[in-house]
$ cat input-v1.tsv   # TSV, C-alpha atoms
chain	number	residue	atom	x	y	z
A	98	MET	CA	56.26	-64.09	-66.66
A	99	ARG	CA	52.74	-64.55	-65.28
A	100	LEU	CA	53.57	-62.45	-62.24
A	101	SER	CA	55.09	-59.74	-64.44
A	102	VAL	CA	51.98	-59.58	-66.62
A	103	LEU	CA	49.75	-59.42	-63.59
A	104	LEU	CA	51.86	-56.70	-62.04
A	105	CYS	CA	51.68	-54.60	-65.19
A	106	LEU	CA	47.92	-54.96	-65.35
A	107	LEU	CA	47.52	-53.95	-61.75
A	108	LEU	CA	49.84	-50.99	-62.01
A	109	SER	CA	47.89	-49.71	-64.99
A	110	ALA	CA	44.71	-49.97	-62.90
A	111	ALA	CA	46.25	-48.18	-59.92
A	112	THR	CA	44.69	-44.88	-60.98
A	113	VAL	CA	41.29	-46.44	-60.35
A	114	HIS	CA	42.25	-46.87	-56.71
A	115	ALA	CA	43.74	-43.45	-56.16
A	116	GLY	CA	44.94	-43.01	-52.62
A	117	THR	CA	45.54	-46.74	-52.08
A	118	PRO	CA	49.26	-47.36	-51.30
A	119	LEU	CA	50.93	-50.06	-53.43
A	120	PRO	CA	53.99	-52.20	-52.62
A	121	ASP	CA	57.05	-52.45	-54.88
A	122	GLY	CA	56.74	-56.21	-55.38
A	123	PRO	CA	54.05	-58.35	-57.03
A	124	HIS	CA	50.63	-57.63	-55.65
A	125	VAL	CA	46.93	-57.72	-56.40
A	126	VAL	CA	44.39	-54.94	-55.77
A	127	VAL	CA	40.75	-55.86	-55.28
A	128	SER	CA	37.57	-53.94	-54.52
A	129	ALA	CA	34.65	-55.58	-52.73
A	130	GLU	CA	31.32	-54.66	-51.26
A	131	GLY	CA	29.23	-56.15	-48.48
A	132	LYS	CA	25.51	-55.51	-48.26
A	133	VAL	CA	22.95	-56.33	-45.58
A	134	GLU	CA	19.22	-55.61	-45.78
A	135	ALA	CA	16.77	-55.36	-42.89
A	136	PRO	CA	13.24	-54.07	-42.33
A	137	PRO	CA	13.00	-50.77	-40.42
A	138	ASP	CA	11.87	-50.90	-36.81
A	139	GLN	CA	11.52	-47.15	-36.23
A	140	VAL	CA	10.70	-43.97	-38.15
A	141	ARG	CA	12.07	-40.49	-37.52
A	142	ILE	CA	9.65	-37.74	-38.56
A	143	SER	CA	9.87	-33.95	-38.53
A	144	LEU	CA	6.87	-31.63	-38.78
A	145	THR	CA	6.77	-27.83	-38.79
A	146	VAL	CA	4.05	-25.27	-38.12
A	147	GLU	CA	4.17	-21.89	-39.87
A	148	ALA	CA	1.67	-19.27	-38.72
A	149	THR	CA	1.10	-15.67	-39.79
A	150	ALA	CA	-0.91	-13.04	-37.93
A	151	GLU	CA	-1.21	-9.30	-37.52
A	152	THR	CA	0.74	-9.26	-34.26
A	153	PRO	CA	3.71	-11.28	-32.97
A	154	ALA	CA	1.66	-12.50	-30.01
A	155	GLN	CA	-1.06	-13.90	-32.26
A	156	ALA	CA	1.42	-15.67	-34.52
A	157	LYS	CA	3.24	-17.13	-31.51
A	158	ALA	CA	-0.01	-18.31	-29.93
A	159	THR	CA	-1.04	-20.13	-33.11
A	160	ALA	CA	2.34	-21.85	-33.47
A	161	ASP	CA	2.46	-22.81	-29.79
A	162	ALA	CA	-1.05	-24.24	-29.94
A	163	ALA	CA	-0.16	-26.45	-32.91
A	164	VAL	CA	3.01	-27.72	-31.25
A	165	ASN	CA	1.20	-28.41	-27.98
A	166	GLY	CA	-1.49	-30.28	-29.88
A	167	PHE	CA	1.09	-32.39	-31.72
A	168	LEU	CA	2.92	-33.16	-28.48
A	169	GLU	CA	-0.38	-34.40	-27.07
A	170	VAL	CA	-0.79	-36.63	-30.14
A	171	LEU	CA	2.64	-38.13	-29.51
A	172	ARG	CA	1.78	-38.66	-25.84
A	173	ARG	CA	-1.43	-40.49	-26.73
A	174	HIS	CA	0.54	-42.75	-29.04
A	175	ARG	CA	2.96	-43.48	-26.21
A	176	VAL	CA	5.98	-41.90	-27.86
A	177	ALA	CA	8.61	-41.48	-25.14
A	178	THR	CA	9.53	-37.93	-24.14
A	179	SER	CA	13.18	-38.79	-24.75
A	180	ASP	CA	12.31	-39.52	-28.41
A	181	VAL	CA	10.80	-36.07	-28.98
A	182	SER	CA	12.43	-32.68	-29.49
A	183	ALA	CA	10.72	-29.36	-30.21
A	184	SER	CA	12.64	-26.42	-31.67
A	185	GLU	CA	12.58	-22.91	-30.27
A	186	LEU	CA	10.19	-20.34	-31.69
A	187	ARG	CA	11.26	-18.41	-34.78
A	188	LEU	CA	9.43	-15.12	-35.13
A	189	ALA	CA	9.90	-12.40	-37.75
A	190	GLN	CA	7.98	-9.62	-39.45
A	191	SER	CA	6.77	-10.50	-42.94
A	192	PHE	CA	6.72	-8.19	-45.96
A	193	ASP	CA	5.43	-7.92	-49.50
A	194	TYR	CA	7.89	-6.48	-52.04
A	195	GLY	CA	6.74	-4.14	-54.79
A	196	GLU	CA	8.11	-3.86	-58.31
A	197	ARG	CA	10.63	-1.23	-57.21
A	198	GLY	CA	11.73	-3.18	-54.15
A	199	GLN	CA	9.66	-1.25	-51.62
A	200	ARG	CA	8.60	-3.27	-48.59
A	201	THR	CA	5.07	-3.37	-47.25
A	202	PRO	CA	4.57	-5.01	-43.82
A	203	THR	CA	2.00	-7.80	-43.96
A	204	GLY	CA	2.12	-9.03	-40.39
A	205	HIS	CA	4.29	-11.45	-38.45
A	206	ALA	CA	5.32	-15.04	-39.12
A	207	ALA	CA	6.09	-17.66	-36.47
A	208	SER	CA	7.37	-21.20	-36.94
A	209	ARG	CA	8.32	-24.17	-34.78
A	210	SER	CA	9.38	-27.72	-35.61
A	211	VAL	CA	8.94	-31.02	-33.80
A	212	GLU	CA	11.05	-34.10	-34.43
A	213	ALA	CA	10.06	-37.50	-33.09
A	214	ARG	CA	11.31	-41.05	-33.31
A	215	ILE	CA	8.36	-43.42	-33.76
A	216	ARG	CA	9.11	-46.97	-32.68
A	217	ASP	CA	5.77	-48.27	-33.97
A	218	VAL	CA	6.41	-48.36	-37.72
A	219	ASP	CA	2.84	-49.37	-38.52
A	220	GLY	CA	1.40	-46.41	-36.61
A	221	PHE	CA	3.52	-43.53	-37.88
A	222	ASN	CA	1.06	-42.53	-40.63
A	223	ALA	CA	-1.74	-42.02	-38.09
A	224	ILE	CA	0.58	-39.84	-36.00
A	225	ILE	CA	1.35	-37.65	-39.01
A	226	ASP	CA	-2.34	-37.29	-39.89
A	227	GLU	CA	-3.23	-36.34	-36.32
A	228	GLY	CA	-0.31	-33.92	-36.14
A	229	LEU	CA	-1.52	-32.11	-39.26
A	230	ALA	CA	-5.04	-32.03	-37.82
A	231	ALA	CA	-3.61	-30.47	-34.65
A	232	GLY	CA	-2.24	-27.55	-36.67
A	233	MET	CA	1.18	-28.58	-37.97
A	234	THR	CA	1.46	-27.29	-41.54
A	235	ARG	CA	4.45	-29.01	-43.14
A	236	ILE	CA	6.10	-32.43	-43.19
A	237	ASP	CA	9.85	-31.87	-43.38
A	238	SER	CA	11.10	-35.45	-43.40
A	239	VAL	CA	10.18	-39.10	-42.86
A	240	ASN	CA	13.18	-41.40	-42.46
A	241	PHE	CA	13.04	-45.14	-41.86
A	242	GLU	CA	15.73	-46.42	-39.48
A	243	SER	CA	16.94	-49.55	-37.73
A	244	ALA	CA	17.89	-49.70	-34.06
A	245	SER	CA	20.41	-52.41	-35.04
A	246	ALA	CA	22.27	-50.14	-37.48
A	247	VAL	CA	25.68	-50.57	-35.78
A	248	GLY	CA	25.53	-54.35	-35.93
A	249	LEU	CA	24.21	-54.37	-39.50
A	250	ARG	CA	27.04	-52.11	-40.66
A	251	ALA	CA	29.54	-54.42	-38.95
A	252	GLU	CA	28.07	-57.43	-40.78
A	253	ALA	CA	28.28	-55.58	-44.12
A	254	ARG	CA	31.92	-54.76	-43.36
A	255	ARG	CA	32.64	-58.42	-42.54
A	256	GLN	CA	31.09	-59.48	-45.84
A	257	ALA	CA	33.16	-56.93	-47.76
A	258	ALA	CA	36.34	-58.30	-46.15
A	259	ALA	CA	35.40	-61.90	-46.98
A	260	HIS	CA	34.53	-61.03	-50.59
A	261	SER	CA	37.81	-59.14	-51.07
A	262	ARG	CA	39.84	-62.18	-50.00
A	263	GLU	CA	37.79	-64.51	-52.22
A	264	ARG	CA	38.33	-62.30	-55.27
A	265	ALA	CA	42.03	-61.91	-54.54
A	266	GLU	CA	42.52	-65.68	-54.18
A	267	GLU	CA	40.70	-66.30	-57.47
A	268	LEU	CA	42.94	-63.82	-59.31
A	269	ALA	CA	46.10	-65.22	-57.77
A	270	ARG	CA	45.20	-68.79	-58.75
A	271	ALA	CA	44.36	-67.69	-62.30
A	272	TYR	CA	47.94	-66.39	-62.69
A	273	GLY	CA	49.61	-69.31	-60.94
A	274	ALA	CA	50.52	-67.30	-57.84
A	275	ARG	CA	49.73	-67.63	-54.17
A	276	LEU	CA	48.02	-64.97	-52.15
A	277	GLY	CA	50.32	-63.44	-49.57
A	278	SER	CA	49.82	-61.06	-46.67
A	279	ILE	CA	47.73	-57.90	-46.72
A	280	TYR	CA	49.68	-54.76	-47.58
A	281	SER	CA	46.94	-52.15	-47.09
A	282	ILE	CA	43.21	-51.77	-46.58
A	283	ASN	CA	41.34	-48.69	-47.71
A	284	SER	CA	37.70	-48.24	-46.66
A	285	VAL	CA	36.00	-46.63	-49.64
A	286	GLY	CA	32.88	-45.73	-47.71
A	287	SER	CA	29.57	-46.86	-46.32
A	288	ALA	CA	26.00	-46.12	-47.31
A	289	VAL	CA	22.47	-46.59	-46.03
A	290	ALA	CA	19.64	-46.62	-48.53
A	291	SER	CA	15.96	-47.46	-48.66
A	292	GLN	CA	14.74	-49.96	-51.19
A	293	TYR	CA	12.35	-47.32	-52.48
A	294	GLY	CA	14.87	-44.45	-52.59
A	295	ALA	CA	15.15	-41.44	-50.32
A	296	GLY	CA	11.46	-40.94	-49.81
A	297	LEU	CA	8.27	-42.89	-49.37
A	298	ASP	CA	6.56	-44.93	-52.04
A	299	ARG	CA	2.96	-43.87	-51.57
A	300	VAL	CA	0.07	-46.07	-52.65
A	301	THR	CA	-2.90	-43.89	-53.54
A	302	VAL	CA	-6.49	-44.77	-54.37
A	303	THR	CA	-8.77	-42.96	-56.76
A	304	GLY	CA	-12.49	-42.65	-57.31
A	305	ALA	CA	-15.12	-43.32	-54.68
A	306	ALA	CA	-12.73	-45.42	-52.59
A	307	ALA	CA	-10.44	-42.45	-51.98
A	308	ALA	CA	-12.69	-40.92	-49.36
A	309	ALA	CA	-13.00	-44.15	-47.39
A	310	ALA	CA	-9.48	-45.54	-47.59
A	311	PRO	CA	-6.55	-43.75	-45.91
A	312	ALA	CA	-3.25	-43.39	-47.69
A	313	ARG	CA	-0.95	-46.39	-47.29
A	314	TYR	CA	2.82	-46.45	-47.48
A	315	LEU	CA	4.97	-49.32	-48.63
A	316	GLN	CA	7.44	-50.14	-45.90
A	317	PRO	CA	10.94	-50.10	-47.38
A	318	THR	CA	13.87	-52.35	-46.70
A	319	ILE	CA	17.00	-50.59	-45.41
A	320	ALA	CA	20.25	-51.61	-47.12
A	321	PHE	CA	23.59	-51.12	-45.34
A	322	SER	CA	26.63	-51.36	-47.62
A	323	GLU	CA	30.38	-51.18	-47.02
A	324	LYS	CA	33.05	-50.93	-49.74
A	325	VAL	CA	36.78	-51.61	-49.37
A	326	ASN	CA	39.93	-51.61	-51.51
A	327	VAL	CA	42.51	-54.16	-50.37
A	328	VAL	CA	46.10	-54.74	-51.55
A	329	PHE	CA	47.52	-58.25	-51.10
A	330	ARG	CA	51.11	-59.24	-51.70
A	331	LEU	CA	51.67	-62.18	-54.05
A	332	ASP	CA	53.99	-65.09	-53.33
A	333	PRO	CA	55.60	-66.91	-56.29
$ encode --input "input-v1.tsv" --output "structure tokens"
Amino acid sequence: MRLSVLLCLLLSAATVHAGTPLPDGPHVVVSAEGKVEAPPDQVRISLTVEATAETPAQAKATADAAVNGFLEVLRRHRVATSDVSASELRLAQSFDYGERGQRTPTGHAASRSVEARIRDVDGFNAIIDEGLAAGMTRIDSVNFESASAVGLRAEARRQAAAHSRERAEELARAYGARLGSIYSINSVGSAVASQYGAGLDRVTVTGAAAAAAPARYLQPTIAFSEKVNVVFRLDP
């Protein structure tokens, strides 16, 4: 009777685990998550320069000068060449549009982007400031990363597997059954998230101290999570 009640409960919950195959006999379905947190040891940044000028050559020269200046900043900070990539030049004529849709040429616009992986987490803010001073005009992204991401994901997956078995054994004991073999495993997905969300948590200062103190950024903790659905057979 206990097994029959358990089976009915689990079958009614099967819609929650859509896509997870279920056996014909008594079984238990569990979901579990493993989570591992670690401080970042590198930062990937992307900066762009956008320049407008009367002629294509002038716009290109301005964009190239900013990129060359930023590359020099990265060199001074000992960022390896293999950790830097610079996009090709994008150049187009720019226009103003009137009320009736007529176009009036206003010059030419050029843009280039530079992406770099900074292995000195404490120094990335200085690199951004110097890059903007060199002529880069936009910060596209700042992403904290871990060089040990593969191993951390594997540890989160191991935890999810251990938690799923623990939960299944607890349920089986509660209904007077014994946990049997695994029938199926469905990986629900993995995720990587910063403790402070997708962006940076910026600490700002106000008043007279603002001019003297540079902006500081709270270093986030990266969380790696793995979720699984597991179906175990039940032995009477």
$ residues_around --input "input-v1.tsv" --residues "A:Arg330" --least-positions-apart "2" --cutoff "8 Å" --atoms "only C-alpha atoms" --output "PyMOL selection string"
chain A and resi 120+122-125+276-280+328+332
$ residues_around --input "input-v1.tsv" --residues "A:Thr152" --least-positions-apart "5" --cutoff "10 Å" --atoms "all atoms listed in the file" --output "list in words"
Lys157, Gln190, Thr203, Gly204, His205 and Ala206 of chain A
$ closest_residue --input "input-v1.tsv" --among "A:Ala290, A:Val164, A:Ala156, A:Val239" --to "A:Leu188" --atoms "all atoms listed in the file"
A:Ala156
$ atom_distance --input "input-v1.tsv" --atom1 "atom CA of A:Pro136" --atom2 "atom CA of A:Ala259"
24.0 Å
$ closest_residue --input "input-v1.tsv" --among "A:Thr234, A:Gly220, A:Val289, A:Val327" --to "A:Asp138" --atoms "all atoms listed in the file"
A:Gly220
$ residues_near_point --input "input-v1.tsv" --point "(-1.2, -33.5, -36.4)" --cutoff "9 Å" --atoms "all atoms listed in the file" --output "list in words"
Leu144, Ala163, Val164, Gly166, Phe167, Leu168, Val170, Ala223, Ile224, Ile225, Asp226, Glu227, Gly228, Leu229, Ala230, Ala231, Gly232, Met233 and Thr234 of chain A
$ atom_distance --input "input-v1.tsv" --atom1 "atom CA of A:Ser287" --atom2 "atom CA of A:Leu249"
11.5 Å
$ residues_around --input "input-v1.tsv" --residues "A:Ser179" --least-positions-apart "2" --cutoff "10 Å" --atoms "all atoms listed in the file" --output "number ranges by chain"
A: 176-177, 181-182, 213-214
$ atom_distance --input "input-v1.tsv" --atom1 "atom CA of A:Ala253" --atom2 "atom CA of A:Gln139"
20.4 Å
$ closest_residue --input "input-v1.tsv" --among "A:Pro137, A:Gly198, A:Gly273, A:Gly131" --to "A:Ser245" --atoms "all atoms listed in the file"
A:Pro137
$ closest_residue --input "input-v1.tsv" --among "A:Ser322, A:Arg235, A:Gly248, A:Arg197" --to "A:Ser143" --atoms "all atoms listed in the file"
A:Arg235
$ closest_residue --input "input-v1.tsv" --among "A:Arg172, A:Arg187, A:Arg250, A:Arg200" --to "A:Thr149" --atoms "all atoms listed in the file"
A:Arg187
$ closest_residue --input "input-v1.tsv" --among "A:Asp193, A:Glu151, A:Glu130, A:Glu212" --to "A:Asp180" --atoms "only C-alpha atoms"
A:Glu212
$ decode --input "input-v1.tsv" --residues "stretch 109-238 of chain A" --atoms "C-alpha atoms" --output "tab-separated table (two decimals), in the first residue's frame"
chain	number	residue	atom	x	y	z
A	109	SER	CA	1.00	13.01	-10.45
A	110	ALA	CA	4.23	15.02	-10.18
A	111	ALA	CA	5.62	13.65	-13.44
A	112	THR	CA	4.46	16.73	-15.33
A	113	VAL	CA	6.90	18.77	-13.25
A	114	HIS	CA	9.73	16.73	-14.73
A	115	ALA	CA	8.61	16.82	-18.33
A	116	GLY	CA	11.01	14.99	-20.58
A	117	THR	CA	12.27	12.69	-17.81
A	118	PRO	CA	11.51	9.03	-18.73
A	119	LEU	CA	9.72	7.01	-16.01
A	120	PRO	CA	9.70	3.24	-15.46
A	121	ASP	CA	6.52	1.15	-15.20
A	122	GLY	CA	7.27	-0.11	-11.68
A	123	PRO	CA	7.61	1.71	-8.35
A	124	HIS	CA	10.06	4.55	-8.53
A	125	VAL	CA	11.03	7.87	-7.02
A	126	VAL	CA	11.88	11.08	-8.89
A	127	VAL	CA	14.12	13.65	-7.23
A	128	SER	CA	15.60	16.99	-8.23
A	129	ALA	CA	18.84	18.25	-6.73
A	130	GLU	CA	21.28	21.08	-7.13
A	131	GLY	CA	24.98	21.42	-6.43
A	132	LYS	CA	26.59	24.81	-5.95
A	133	VAL	CA	30.22	25.88	-5.63
A	134	GLU	CA	31.44	29.43	-5.04
A	135	ALA	CA	34.90	30.81	-5.75
A	136	PRO	CA	36.53	34.23	-6.03
A	137	PRO	CA	37.36	35.36	-9.59
A	138	ASP	CA	40.98	35.25	-10.68
A	139	GLN	CA	40.58	37.03	-14.02
A	140	VAL	CA	38.39	39.68	-15.67
A	141	ARG	CA	37.37	39.87	-19.32
A	142	ILE	CA	36.74	43.43	-20.49
A	143	SER	CA	35.61	44.91	-23.80
A	144	LEU	CA	36.03	48.56	-24.77
A	145	THR	CA	35.00	50.33	-27.97
A	146	VAL	CA	36.03	53.58	-29.62
A	147	GLU	CA	33.53	55.47	-31.79
A	148	ALA	CA	34.86	58.43	-33.77
A	149	THR	CA	33.17	60.80	-36.21
A	150	ALA	CA	34.89	63.15	-38.64
A	151	GLU	CA	34.32	64.94	-41.92
A	152	THR	CA	36.29	62.39	-43.93
A	153	PRO	CA	36.69	58.59	-43.65
A	154	ALA	CA	40.44	58.97	-43.26
A	155	GLN	CA	40.07	61.31	-40.29
A	156	ALA	CA	37.56	59.05	-38.56
A	157	LYS	CA	39.77	56.01	-39.14
A	158	ALA	CA	42.86	57.81	-37.85
A	159	THR	CA	41.07	58.78	-34.62
A	160	ALA	CA	39.80	55.24	-34.02
A	161	ASP	CA	43.18	53.68	-34.80
A	162	ALA	CA	44.96	56.09	-32.47
A	163	ALA	CA	42.64	55.19	-29.59
A	164	VAL	CA	43.07	51.45	-30.16
A	165	ASN	CA	46.84	51.77	-30.43
A	166	GLY	CA	46.88	53.77	-27.21
A	167	PHE	CA	44.79	51.17	-25.40
A	168	LEU	CA	47.00	48.35	-26.68
A	169	GLU	CA	49.97	50.22	-25.24
A	170	VAL	CA	48.14	50.46	-21.90
A	171	LEU	CA	47.63	46.69	-21.92
A	172	ARG	CA	51.30	46.15	-22.78
A	173	ARG	CA	52.43	48.33	-19.88
A	174	HIS	CA	50.22	46.31	-17.55
A	175	ARG	CA	51.82	43.12	-18.86
A	176	VAL	CA	48.67	41.71	-20.42
A	177	ALA	CA	49.76	38.89	-22.73
A	178	THR	CA	49.23	39.40	-26.45
A	179	SER	CA	47.39	36.08	-26.56
A	180	ASP	CA	44.82	37.52	-24.11
A	181	VAL	CA	44.01	40.50	-26.36
A	182	SER	CA	41.92	40.75	-29.51
A	183	ALA	CA	41.11	43.87	-31.53
A	184	SER	CA	38.21	43.95	-33.98
A	185	GLU	CA	38.45	45.15	-37.56
A	186	LEU	CA	37.54	48.72	-38.42
A	187	ARG	CA	33.88	49.53	-39.07
A	188	LEU	CA	33.45	52.64	-41.18
A	189	ALA	CA	30.24	54.18	-42.51
A	190	GLN	CA	28.82	57.51	-43.58
A	191	SER	CA	26.58	59.14	-40.97
A	192	PHE	CA	23.37	61.06	-41.63
A	193	ASP	CA	20.80	63.27	-39.96
A	194	TYR	CA	17.17	62.53	-40.85
A	195	GLY	CA	14.64	65.31	-41.32
A	196	GLU	CA	10.96	65.26	-40.46
A	197	ARG	CA	10.08	63.96	-43.93
A	198	GLY	CA	12.78	61.30	-43.91
A	199	GLN	CA	15.30	63.20	-46.01
A	200	ARG	CA	18.92	62.36	-45.28
A	201	THR	CA	21.61	64.95	-44.70
A	202	PRO	CA	25.24	63.69	-44.62
A	203	THR	CA	27.00	64.69	-41.41
A	204	GLY	CA	30.36	63.04	-41.92
A	205	HIS	CA	31.77	59.57	-41.34
A	206	ALA	CA	31.76	57.30	-38.30
A	207	ALA	CA	34.44	54.74	-37.43
A	208	SER	CA	34.48	52.22	-34.60
A	209	ARG	CA	36.76	49.49	-33.27
A	210	SER	CA	36.58	47.26	-30.21
A	211	VAL	CA	39.26	45.67	-28.04
A	212	GLU	CA	38.66	42.68	-25.78
A	213	ALA	CA	41.20	41.65	-23.16
A	214	ARG	CA	41.47	39.08	-20.41
A	215	ILE	CA	43.01	40.67	-17.31
A	216	ARG	CA	44.60	38.17	-14.97
A	217	ASP	CA	45.30	40.80	-12.31
A	218	VAL	CA	41.83	41.27	-10.82
A	219	ASP	CA	42.95	44.10	-8.55
A	220	GLY	CA	44.38	46.09	-11.45
A	221	PHE	CA	41.57	45.91	-14.00
A	222	ASN	CA	39.99	49.23	-12.94
A	223	ALA	CA	43.23	51.12	-13.62
A	224	ILE	CA	43.42	49.52	-17.06
A	225	ILE	CA	39.89	50.67	-17.88
A	226	ASP	CA	40.62	54.22	-16.70
A	227	GLU	CA	43.79	54.40	-18.77
A	228	GLY	CA	42.01	52.92	-21.79
A	229	LEU	CA	39.35	55.64	-21.64
A	230	ALA	CA	42.07	58.26	-21.26
A	231	ALA	CA	43.75	56.84	-24.38
A	232	GLY	CA	40.61	57.53	-26.41
A	233	MET	CA	38.31	54.53	-26.01
A	234	THR	CA	34.77	55.86	-25.67
A	235	ARG	CA	32.59	53.01	-24.41
A	236	ILE	CA	32.80	50.10	-21.97
A	237	ASP	CA	30.87	47.21	-23.49
A	238	SER	CA	31.33	44.57	-20.80
